[in-house]
Amino acid sequence: MIKGRVKGKIWSSRHVDTLPGGALLEVEIDGGDRLIAFDPLGCDTEEAVLVTQGSVAAAYFIDRTDRTAPVDALIVGSIDETSGK
Amino acid sequence: MIKGRVKGKIWSSRHVDTLPGGALLEVEIDGGDRLIAFDPLGCDTEEAVLVTQGSVAAAYFIDRTDRTAPVDALIVGSIDETSGK
Amino acid sequence: MIKGRVKGKIWSSRHVDTLPGGALLEVEIDGGDRLIAFDPLGCDTEEAVLVTQGSVAAAYFIDRTDRTAPVDALIVGSIDETSGK
Amino acid sequence: MIKGRVKGKIWSSRHVDTLPGGALLEVEIDGGDRLIAFDPLGCDTEEAVLVTQGSVAAAYFIDRTDRTAPVDALIVGSIDETSGK
Amino acid sequence: MIKGRVKGKIWSSRHVDTLPGGALLEVEIDGGDRLIAFDPLGCDTEEAVLVTQGSVAAAYFIDRTDRTAPVDALIVGSIDETSGK
């Protein structure tokens with residue numbers, strides 16, 4: 001997974017019909033790259049989050065809805081704390 | 001997913017027979033890299049789009065046609081608006 | 001998918017037995033990186049091609065031979081023309 | 001796989017319910033990039049580890065729990081020694 | 001696939017039990033990045049090799065052992081010769 005920070009939200013009214021309803025957040029990864037992740041947790045701007053990518057992210061929706069979703073990035077947790085250096 | 005902007009279209013008359021018919025758009029990602037994505041939405045040049053990559057993109061075609069498609073990038077939405085910074 | 005240009009061919013006589021017979025071409029991606037892709041189309045040197053990567057590329061072989069192939073990059077089309085900028 | 005070195009640990013009390021219980025370690029890859037990997041081995045800070053990424057990492061959990069896990073990076077081994085240059 | 005050159009070997013005595021027995025080689029990719037790939041071919045140091053990545057690499061083990069392996073990089077061939085430029 002990768003660590004990132006929520007920077008904003010995007011809206012898409014014209015989309016493929018299998019895109020699940022819910023928040024699509026813009027997340028900045030360490031280093032400055034950005035990606036758009038589906039957020040099932042209701043995260044706030046500037047919250048530190050843990051993001052899973054690829055088919056692993058889509059599998060989250062198969063478990064819940066029995067259909068695939070065209071989502072390749074998922075916020076799987078809000079990060080409380082980090083130890084180490 | 002990643003955000004990008006449609007920059008043009010490509011044509012391929014000689015292709016593998018499982019490549020689905022439809023528009024193949026050239027999309028520029030933030031940072032300048034480009035990829036070619038299948039467009040099921042009819043997007044225009046300079047439109048801001050949301051792109052899903054990898055096997056998640058191919059799964060879109062399995063749902064619709066019951067066969068796999070050799071497509072690893074799919075436009076899943078047109079972006080209306082972005083909040084945040 | 002990504003656009004690239006065929007730069008040469010590689011030969012491997014000692015390989016895993018599930019590697020399918022056929023041409024393995026060296027393709028240069030915009031930016032200068034190179035990858036090796038399986039070519040089912042008989043492309044020439046300097047031809048502009050469209051390449052699909054990952055498990056999506058391997059799925060092409062499952063459809064045809066009913067067995068998996070350890071191939072993660074596939075030329076899916078020869079590019080005729082590109083519009084846009 | 002990639003080689004890395006354990007740099008710390010993260011905690012997430014608010015997470016999707018399919019995230020497996022266990023240690024989530026921050027691993028620094030050669031070159032300086034960092035990722036968060038699930039650790040089934042009990043690795044220590046500064047330990048050299050081998051990390052597998054993508055759906056291959058998630059498959060580890062399907063074998064054990066018969067359910068998918070939204071984990072795309074897994075520590076598969078602690079590195080004893082490296083030969084070569 | 002990508003071309004690389006074998007640079008050494010790694011040993012891991014403490015590993016997840018599904019990691020298959022066999023050689024884990026350090027391979028340097030053009031550009032200088034390194035990855036660790038499973039070697040079913042008995043390659044030597046400085047040998048030029050062809051590497052497949054991702055779930056495609058893991059599928060090699062499912063065919064042979066009927067169980068998944070947490071391996072996301074596999075040497076699929078030794079490169080004899082390269083034409084082109």
# chains A, B, ... in the order shown; residues from 1 in each chain; ligands from 1

$ interface_residues --of "chain C" --to "chain B" --cutoff "7 Å" --atoms "only C-alpha atoms" --output "number ranges by chain"
C: 1-2, 52-57, 60, 76-85

$ residues_around --residues "A:Ile75" --least-positions-apart "6" --cutoff "6 Å" --atoms "only C-alpha atoms" --output "list in words"
Asp39, Leu50 and Val51 of chain A

$ write_last_selection --atoms "C-alpha atoms" --output "PDB file, in the first residue's frame"
ATOM      1  CA  ASP A  39     -13.226   6.452  -0.219  1.00  0.00           C
ATOM      2  CA  LEU A  50      -3.514   4.227   3.360  1.00  0.00           C
ATOM      3  CA  VAL A  51      -4.291   3.405  -0.296  1.00  0.00           C
TER       4      VAL A  51
END

$ atom_distance --atom1 "atom CA of B:Val27" --atom2 "atom CA of A:Phe61"
26.5 Å

$ atom_distance --atom1 "atom CA of A:Ala48" --atom2 "atom CA of A:Arg5"
4.5 Å

$ select_by_dssp --residues "stretch 4-74 of chain D" --states "helix (DSSP H, G or I)" --output "list of chain:residue names"
D:Ser55, D:Val56, D:Ala57, D:Ala58, D:Ala59, D:Tyr60, D:Phe61, D:Ile62, D:Asp63, D:Arg64, D:Thr65

$ write_last_selection --atoms "N, CA and C atoms" --output "PDB file, in the first residue's frame"
ATOM      1  N   SER D  55      -1.709  -8.180  -6.912  1.00  0.00           N
ATOM      2  CA  SER D  55      -2.714  -9.190  -6.579  1.00  0.00           C
ATOM      3  C   SER D  55      -2.066 -10.449  -6.018  1.00  0.00           C
ATOM      4  N   VAL D  56      -0.785 -10.638  -6.317  1.00  0.00           N
ATOM      5  CA  VAL D  56      -0.030 -11.767  -5.777  1.00  0.00           C
ATOM      6  C   VAL D  56       0.040 -11.680  -4.248  1.00  0.00           C
ATOM      7  N   ALA D  57       0.167 -10.461  -3.730  1.00  0.00           N
ATOM      8  CA  ALA D  57       0.194 -10.262  -2.275  1.00  0.00           C
ATOM      9  C   ALA D  57      -1.163 -10.594  -1.660  1.00  0.00           C
ATOM     10  N   ALA D  58      -2.237 -10.190  -2.301  1.00  0.00           N
ATOM     11  CA  ALA D  58      -3.583 -10.459  -1.783  1.00  0.00           C
ATOM     12  C   ALA D  58      -3.898 -11.951  -1.788  1.00  0.00           C
ATOM     13  N   ALA D  59      -3.363 -12.675  -2.760  1.00  0.00           N
ATOM     14  CA  ALA D  59      -3.638 -14.113  -2.870  1.00  0.00           C
ATOM     15  C   ALA D  59      -3.166 -14.871  -1.634  1.00  0.00           C
ATOM     16  N   TYR D  60      -2.149 -14.349  -0.971  1.00  0.00           N
ATOM     17  CA  TYR D  60      -1.662 -14.956   0.283  1.00  0.00           C
ATOM     18  C   TYR D  60      -2.792 -15.096   1.297  1.00  0.00           C
ATOM     19  N   PHE D  61      -3.675 -14.121   1.344  1.00  0.00           N
ATOM     20  CA  PHE D  61      -4.762 -14.122   2.326  1.00  0.00           C
ATOM     21  C   PHE D  61      -5.920 -15.020   1.901  1.00  0.00           C
ATOM     22  N   ILE D  62      -6.165 -15.131   0.594  1.00  0.00           N
ATOM     23  CA  ILE D  62      -7.239 -16.012   0.108  1.00  0.00           C
ATOM     24  C   ILE D  62      -6.929 -17.449   0.529  1.00  0.00           C
ATOM     25  N   ASP D  63      -5.687 -17.862   0.380  1.00  0.00           N
ATOM     26  CA  ASP D  63      -5.281 -19.217   0.768  1.00  0.00           C
ATOM     27  C   ASP D  63      -5.545 -19.487   2.251  1.00  0.00           C
ATOM     28  N   ARG D  64      -5.322 -18.466   3.071  1.00  0.00           N
ATOM     29  CA  ARG D  64      -5.396 -18.674   4.514  1.00  0.00           C
ATOM     30  C   ARG D  64      -6.790 -18.470   5.099  1.00  0.00           C
ATOM     31  N   THR D  65      -7.561 -17.534   4.520  1.00  0.00           N
ATOM     32  CA  THR D  65      -8.807 -17.134   5.174  1.00  0.00           C
ATOM     33  C   THR D  65     -10.018 -17.309   4.267  1.00  0.00           C
TER      34      THR D  65
END
